[in-house]
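Shown below: coords.cif, with mmCIF, C-alpha atoms and all ligand atoms.
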data_structure
#
loop_
_atom_site.label_atom_id
_atom_site.label_comp_id
_atom_site.auth_asym_id
_atom_site.auth_seq_id
_atom_site.Cartn_x
_atom_site.Cartn_y
_atom_site.Cartn_z
CA MET W 1 0.00 0.00 0.00
CA ALA W 2 1.18 3.51 -0.75
CA HIS W 3 2.25 5.57 2.26
CA GLY W 4 1.66 8.91 0.60
CA ALA W 5 3.99 11.79 0.02
CA SER W 6 5.71 13.30 3.05
CA VAL W 7 7.38 16.27 1.38
CA ILE W 8 5.12 18.22 -0.95
CA ALA W 9 6.41 21.10 -3.07
CA ILE W 10 3.98 23.60 -4.52
CA ASP W 11 5.19 26.20 -6.99
CA GLY W 12 3.49 28.59 -9.35
CA PRO W 13 3.06 32.25 -10.30
CA VAL W 14 1.69 34.99 -8.09
CA ALA W 15 -1.93 34.49 -6.96
CA ALA W 16 -2.35 31.02 -8.46
CA GLY W 17 -3.77 30.01 -5.07
CA LYS W 18 -0.61 28.47 -3.57
CA THR W 19 -0.93 30.05 -0.14
CA VAL W 20 -4.52 29.19 0.59
CA VAL W 21 -4.26 25.74 -0.98
CA GLY W 22 -0.93 24.96 0.70
CA ARG W 23 -2.17 26.02 4.13
CA GLN W 24 -5.36 23.95 3.91
CA LEU W 25 -3.51 20.97 2.47
CA ALA W 26 -1.01 21.06 5.35
CA ARG W 27 -3.85 21.32 7.87
CA ASP W 28 -5.77 18.39 6.32
CA LEU W 29 -2.68 16.18 6.22
CA GLY W 30 -1.38 17.26 9.64
CA PHE W 31 1.83 18.51 8.01
CA ALA W 32 3.96 21.60 8.69
CA TYR W 33 3.53 24.45 6.25
CA LEU W 34 6.14 26.87 4.95
CA ASP W 35 5.41 29.75 2.62
CA THR W 36 8.91 30.63 1.37
CA GLY W 37 7.62 33.88 -0.17
CA ILE W 38 7.39 35.46 3.26
CA MET W 39 11.09 34.82 3.80
CA TYR W 40 11.90 36.88 0.67
CA ARG W 41 9.38 39.46 1.89
CA ALA W 42 11.07 39.61 5.32
CA VAL W 43 14.48 40.31 3.75
CA THR W 44 12.85 42.95 1.51
CA TRP W 45 11.18 44.59 4.52
CA LEU W 46 14.52 44.65 6.34
CA ALA W 47 16.32 46.08 3.29
CA LEU W 48 13.77 48.91 3.10
CA ARG W 49 13.97 49.47 6.83
CA THR W 50 17.77 49.64 6.85
CA GLY W 51 18.02 51.66 3.64
CA THR W 52 19.84 48.86 1.81
CA PRO W 53 19.45 49.46 -1.95
CA VAL W 54 17.56 46.60 -3.58
CA GLU W 55 20.12 46.52 -6.43
CA ASP W 56 23.06 46.06 -4.05
CA GLU W 57 23.37 42.30 -4.12
CA PRO W 58 26.39 41.85 -1.80
CA SER W 59 24.76 44.01 0.89
CA LEU W 60 21.45 42.18 0.51
CA GLY W 61 23.28 38.86 0.80
CA ARG W 62 24.99 39.98 4.01
CA LEU W 63 21.70 41.26 5.37
CA ALA W 64 20.06 37.86 4.74
CA LYS W 65 22.99 35.93 6.20
CA ASP W 66 23.28 38.06 9.33
CA ASN W 67 19.54 38.02 10.02
CA PRO W 68 18.06 34.52 9.73
CA VAL W 69 14.31 34.51 9.36
CA GLY W 70 12.45 32.96 12.31
CA LEU W 71 9.02 31.40 11.78
CA GLU W 72 6.27 32.50 14.18
CA GLY W 73 2.76 31.27 14.91
CA THR W 74 0.92 28.34 13.38
CA GLU W 75 -0.62 29.97 10.30
CA GLY W 76 2.65 30.45 8.43
CA ASP W 77 2.04 34.16 7.91
CA ARG W 78 4.30 35.64 10.60
CA VAL W 79 8.07 35.79 10.90
CA SER W 80 10.68 37.45 13.04
CA VAL W 81 13.75 39.09 11.63
CA ALA W 82 16.38 41.24 13.36
CA GLY W 83 14.21 41.38 16.48
CA HIS W 84 11.09 42.55 14.61
CA SER W 85 7.94 40.46 14.65
CA LEU W 86 6.24 40.88 11.26
CA GLY W 87 2.85 39.92 9.83
CA PRO W 88 0.70 42.25 7.70
CA GLU W 89 3.75 44.51 7.10
CA LEU W 90 5.07 41.81 4.79
CA ARG W 91 2.21 42.58 2.36
CA ASP W 92 2.75 46.35 2.24
CA PRO W 93 2.73 47.77 -1.30
CA LYS W 94 6.36 48.87 -0.79
CA VAL W 95 7.36 45.30 -0.05
CA ASP W 96 5.21 44.04 -2.96
CA ASN W 97 6.97 46.39 -5.34
CA ASN W 98 10.51 45.52 -4.26
CA VAL W 99 10.38 41.82 -3.45
CA SER W 100 10.94 40.63 -7.02
CA ALA W 101 14.14 42.71 -7.17
CA VAL W 102 15.42 41.33 -3.86
CA SER W 103 14.59 37.76 -4.82
CA LYS W 104 16.71 38.10 -7.97
CA ALA W 105 19.84 38.37 -5.80
CA SER W 106 21.68 35.02 -5.85
CA GLN W 107 23.35 35.65 -2.51
CA VAL W 108 19.96 36.13 -0.87
CA ARG W 109 18.59 33.02 -2.56
CA ARG W 110 21.54 30.89 -1.45
CA GLU W 111 21.01 31.90 2.15
CA LEU W 112 17.24 31.42 2.19
CA VAL W 113 17.39 28.11 0.30
CA ALA W 114 19.80 26.77 2.96
CA GLN W 115 17.35 27.81 5.69
CA GLN W 116 14.43 26.20 3.79
CA ARG W 117 16.30 22.90 3.35
CA ARG W 118 17.08 22.78 7.04
CA ILE W 119 13.39 23.20 7.83
CA ALA W 120 12.41 20.44 5.38
CA THR W 121 14.64 17.83 7.00
CA GLN W 122 11.88 17.25 9.56
CA GLY W 123 9.66 15.75 6.78
CA LYS W 124 5.86 15.96 6.68
CA ILE W 125 5.85 19.40 5.20
CA VAL W 126 4.10 21.37 2.49
CA MET W 127 6.47 24.00 1.12
CA ILE W 128 5.31 26.63 -1.32
CA GLY W 129 7.24 29.06 -3.50
CA ARG W 130 8.68 29.46 -6.99
CA ASP W 131 11.70 27.14 -7.00
CA ILE W 132 10.80 24.48 -4.45
CA GLY W 133 10.47 21.60 -6.93
CA THR W 134 13.31 22.77 -9.15
CA VAL W 135 15.97 23.94 -6.65
CA VAL W 136 15.11 23.76 -2.95
CA LEU W 137 13.71 20.22 -2.76
CA PRO W 138 14.43 18.43 -6.04
CA ASP W 139 13.72 15.12 -4.27
CA ALA W 140 10.26 16.12 -3.00
CA ASP W 141 7.81 13.20 -3.08
CA LEU W 142 5.20 15.25 -4.90
CA LYS W 143 5.67 18.43 -6.93
CA VAL W 144 2.64 20.46 -7.86
CA TYR W 145 2.76 23.43 -10.23
CA LEU W 146 -0.37 25.51 -9.70
CA THR W 147 -1.47 27.84 -12.45
CA ALA W 148 -4.48 29.99 -13.31
CA SER W 149 -5.15 32.55 -16.03
CA PRO W 150 -3.61 36.02 -15.50
CA GLU W 151 -7.11 37.54 -15.35
CA LYS W 152 -8.20 35.16 -12.63
CA ARG W 153 -5.01 35.74 -10.65
CA ALA W 154 -5.27 39.52 -10.95
CA GLN W 155 -8.90 39.34 -9.84
CA ARG W 156 -7.87 37.38 -6.71
CA ARG W 157 -5.08 39.80 -5.82
CA TRP W 158 -7.35 42.76 -6.41
CA GLN W 159 -9.94 41.31 -4.04
CA GLU W 160 -7.29 40.71 -1.37
CA MET W 161 -6.04 44.28 -1.79
CA GLN W 162 -9.56 45.71 -1.54
CA TYR W 163 -9.99 43.69 1.63
CA ARG W 164 -6.83 45.26 3.05
CA GLY W 165 -8.14 48.70 2.15
CA GLN W 166 -5.69 49.36 -0.70
CA ASP W 167 -7.10 51.65 -3.36
CA ILE W 168 -6.08 50.26 -6.77
CA THR W 169 -7.79 49.41 -10.06
CA LEU W 170 -8.10 45.89 -11.43
CA GLU W 171 -6.24 46.97 -14.59
CA LYS W 172 -3.28 48.15 -12.53
CA VAL W 173 -3.24 44.88 -10.57
CA LEU W 174 -3.29 42.91 -13.84
CA SER W 175 -0.36 44.89 -15.24
CA GLU W 176 1.61 44.50 -11.97
CA THR W 177 0.86 40.76 -11.94
CA LEU W 178 2.15 40.35 -15.50
CA LYS W 179 5.24 42.39 -14.64
CA ARG W 180 6.01 40.24 -11.60
CA ASP W 181 5.50 37.07 -13.69
CA GLN W 182 8.02 38.42 -16.15
CA ILE W 183 10.63 39.19 -13.48
CA ASP W 184 10.06 35.88 -11.65
CA SER W 185 10.24 33.79 -14.86
CA GLY W 186 12.95 35.84 -16.55
CA ARG W 187 15.58 35.96 -13.80
CA ASP W 188 18.80 34.02 -14.28
CA ASP W 189 18.90 32.38 -10.86
CA SER W 190 16.12 29.86 -10.19
CA PRO W 191 13.52 31.25 -12.60
CA LEU W 192 9.90 30.34 -12.02
CA LYS W 193 9.14 27.25 -14.09
CA PRO W 194 7.61 23.83 -13.51
CA ALA W 195 10.05 21.05 -12.56
CA GLU W 196 10.24 18.37 -15.24
CA ASP W 197 8.47 15.93 -12.96
CA ALA W 198 5.91 18.43 -11.65
CA TRP W 199 2.20 17.86 -11.93
CA GLU W 200 0.60 20.95 -13.46
CA LEU W 201 -2.79 21.84 -12.10
CA ASN W 202 -4.82 24.75 -13.49
CA THR W 203 -7.13 26.07 -10.78
CA ASP W 204 -9.44 28.12 -13.04
CA GLY W 205 -12.99 27.08 -12.25
CA LEU W 206 -12.01 24.86 -9.29
CA THR W 207 -12.84 25.62 -5.65
CA ILE W 208 -10.08 25.56 -3.03
CA ASP W 209 -11.56 22.34 -1.60
CA GLN W 210 -11.47 20.70 -5.02
CA VAL W 211 -7.84 21.68 -5.60
CA VAL W 212 -6.82 20.44 -2.13
CA GLN W 213 -8.69 17.16 -2.64
CA GLN W 214 -7.04 16.57 -6.00
CA ILE W 215 -3.61 17.06 -4.43
CA ILE W 216 -4.46 14.74 -1.52
CA ASP W 217 -5.63 12.04 -3.96
CA ARG W 218 -2.46 12.43 -5.94
CA SER W 219 -0.27 12.35 -2.83
CA ARG W 220 -1.98 9.19 -1.51
CA ALA W 221 -1.32 7.47 -4.82
CA ARG W 222 2.43 7.88 -4.25
O1 LIG M 1 4.58 34.21 -3.09
P1 LIG M 1 4.87 35.66 -2.77
O2 LIG M 1 4.10 36.65 -3.63
O3 LIG M 1 4.76 35.99 -1.33
O4 LIG M 1 6.41 35.82 -3.16
C1 LIG M 1 7.05 37.05 -3.04
C2 LIG M 1 8.22 37.15 -4.02
O5 LIG M 1 9.27 36.28 -3.63
C3 LIG M 1 7.90 36.86 -5.47
O6 LIG M 1 8.20 37.99 -6.27
C4 LIG M 1 8.79 35.73 -5.86
C5 LIG M 1 9.76 35.56 -4.74
N1 LIG M 1 9.93 34.17 -4.34
C6 LIG M 1 10.98 33.50 -4.88
O7 LIG M 1 11.71 34.05 -5.70
N2 LIG M 1 11.22 32.21 -4.52
C7 LIG M 1 10.41 31.60 -3.64
N3 LIG M 1 10.68 30.33 -3.30
C8 LIG M 1 9.31 32.28 -3.09
C9 LIG M 1 9.09 33.58 -3.46
#
Could you spell out this file's structure in structure tokens?
Amino acid sequence: MAHGASVIAIDGPVAAGKTVVGRQLARDLGFAYLDTGIMYRAVTWLALRTGTPVEDEPSLGRLAKDNPVGLEGTEGDRVSVAGHSLGPELRDPKVDNNVSAVSKASQVRRELVAQQRRIATQGKIVMIGRDIGTVVLPDADLKVYLTASPEKRAQRRWQEMQYRGQDITLEKVLSETLKRDQIDSGRDDSPLKPAEDAWELNTDGLTIDQVVQQIIDRSRAR
């Protein structure tokens, strides 16, 4: 009988549903959950806070190395860095607009990938990001690449932003989403792309429960 996957990697572009699906999947399976995006966001927040230019790769690398990101809480949406406990700040528009630049820096990636691998050694984990199946955990038991149409993704982000009280048009969110896709997929180091052995799942027209169930079925078949 299959024992099921114990390390599950979920990658995909912005607002494909990774966070909400990953969190519920981890809860249903009784697994740990790590959203690696918030680690890049924490380093970006710290760079802005300390006035470190987001183009200055060596300084960003040092910043990441000297200030390991601590995970806080059980929901996977809080971290501590350099003595600051951060939650909603990680979603500030300033962080949103600079995180793609910071995550292009190889020295930052090297540091955060090492931290992510250490966390995964415990097993029974759902890890989400852009390069989990390709770089961080190439031996993951199950690799899922979640996608959705740009319009659907922009619509989701726009709704989240409305909810947080940010005043922005849907058109602007769509153009920002496409721009971030381009930076994430076009960077030299660990570009966003499905691993060769990833299972691609388009979430257009599926509910969160349906997506989670499909992944559970797939993971049990392992
Ligand atoms: O998933 P998110 O929107 O919170 O990710 C924020 C940024 O971090 C996004 O621009 C891509 C980058 N990122 C990355 O390069 N590698 C990861 N494993 C996770 C996120």
> Within 6 Å of ligand LIG 1 (chain M), counting only C-alpha atoms and all ligand atoms, which protein or nucleic acid residues do you find, written as a count of residues only?
Replying inline: 14
>> Env of Ile10 (chain W): 8 Å cut, atoms = all atoms listed in the file, seq-sep filter 4 positions within chain, self excluded. Answer as a list of chain:residue names.
In response: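 Contacts, with the query itself left out: W:Lys18, W:Gly22, W:Val126, W:Met127, W:Ile128, W:Gly129, W:Arg130, W:Ile132, W:Gly133, W:Lys143, W:Val144, W:Tyr145, W:Leu146.
The residue that comes closest to Ala9 (chain W), out of W:Ala47, W:Val95, W:Ala120, W:Val108 and on the basis of all atoms listed in the file, is W:Ala120.
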>> Using only C-alpha atoms, which protein or nucleic acid residues come within 12 Å of region 61-65 of chain W? Drop anything in the same chain fewer than 3 positions from it, and give the result as number ranges by chain.
In response: W: 39-58, 68-70, 81-82, 102-115
> Which of these residues is nearest to Leu201 (chain W), using all atoms listed in the file: W:Thr74, W:Gln116, W:Gln214, W:Ser175?
Replying inline: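 Comparing W:Thr74, W:Gln116, W:Gln214, W:Ser175 against Leu201 (chain W), the winner is W:Gln214.
Checking W:Arg117, W:Glu176, W:Leu29, W:Ala154 one by one against Asn98 (chain W), counting only C-alpha atoms, you find the shortest gap at W:Glu176.
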> For the atom pair CA of Leu25 (chain W) and CA of Asp11 (chain W), what is the interatomic distance in Å to one decimal place?
Replying inline: 13.9 Å
>> Just the number, please: distance in Å from CA of Thr19 (chain W) to CA of Thr203 (chain W), one decimal.
In response: 12.9 Å
>> Could you check which residues have any atom within 12 Å of (-9.9, 38.0, -10.1), counting all atoms listed in the file with coordinates taken straight from the file, and then list them as a PyMOL selection string?
In response: chain W and resi 15-17+148-162+169-171+173-174+177+204-205
> For Phe31 (chain W), which residue among W:Thr207, W:Gln166, W:Ser59, W:Gln122 is the nearest when counting all atoms listed in the file?
Replying inline: W:Gln122
>> My list of candidates is W:Leu142, W:Leu192, W:Leu71, W:Leu60. Which is closest to Ile215 (chain W) when distances are computed with only C-alpha atoms?
In response: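 Ranking W:Leu142, W:Leu192, W:Leu71, W:Leu60 by distance to Ile215 (chain W), first place goes to W:Leu142.
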> Do you have the CA of Arg78 (chain W)-CA of Ile8 (chain W) distance handy?
Replying inline: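 That distance, rounded to one decimal, is 20.9 Å.
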> Taking (-2.5, 13.1, 9.2) in the file's coordinates, which residues come within 12 Å, counting only C-alpha atoms, written as a list in words?
Replying inline: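 Within the cut-off we find His3, Gly4, Ala5, Ser6, Leu25, Ala26, Arg27, Asp28, Leu29, Gly30, Phe31, Ala32, Lys124, Ile125, Ile216 and Arg220 of chain W.
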Save the residues we just selected, C-alpha atoms, as a PDB file, keeping the file's coordinate frame?
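Dumped to out_21.pdb:
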ATOM      1  CA  HIS W   3       2.250   5.570   2.260  1.00  0.00           C
ATOM      2  CA  GLY W   4       1.660   8.910   0.600  1.00  0.00           C
ATOM      3  CA  ALA W   5       3.990  11.790   0.020  1.00  0.00           C
ATOM      4  CA  SER W   6       5.710  13.300   3.050  1.00  0.00           C
ATOM      5  CA  LEU W  25      -3.510  20.970   2.470  1.00  0.00           C
ATOM      6  CA  ALA W  26      -1.010  21.060   5.350  1.00  0.00           C
ATOM      7  CA  ARG W  27      -3.850  21.320   7.870  1.00  0.00           C
ATOM      8  CA  ASP W  28      -5.770  18.390   6.320  1.00  0.00           C
ATOM      9  CA  LEU W  29      -2.680  16.180   6.220  1.00  0.00           C
ATOM     10  CA  GLY W  30      -1.380  17.260   9.640  1.00  0.00           C
ATOM     11  CA  PHE W  31       1.830  18.510   8.010  1.00  0.00           C
ATOM     12  CA  ALA W  32       3.960  21.600   8.690  1.00  0.00           C
ATOM     13  CA  LYS W 124       5.860  15.960   6.680  1.00  0.00           C
ATOM     14  CA  ILE W 125       5.850  19.400   5.200  1.00  0.00           C
ATOM     15  CA  ILE W 216      -4.460  14.740  -1.520  1.00  0.00           C
ATOM     16  CA  ARG W 220      -1.980   9.190  -1.510  1.00  0.00           C
TER      17      ARG W 220
END
With 3 Å on each side, where is the centre of the axis-aligned box around all listed atoms of region 61-80 of chain W, and how long are its edges in Å to one decimal, as JSON?
{"center_x": 12.2, "center_y": 34.8, "center_z": 7.9, "size_x": 31.6, "size_y": 18.9, "size_z": 20.1}
>> Using all atoms listed in the file, can you tell me which of W:Asp141, W:Asp66, W:Gly12, W:Leu86 comes closest to Arg222 (chain W)?
In response: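 Using all atoms listed in the file, the shortest distance to Arg222 (chain W) belongs to W:Asp141.
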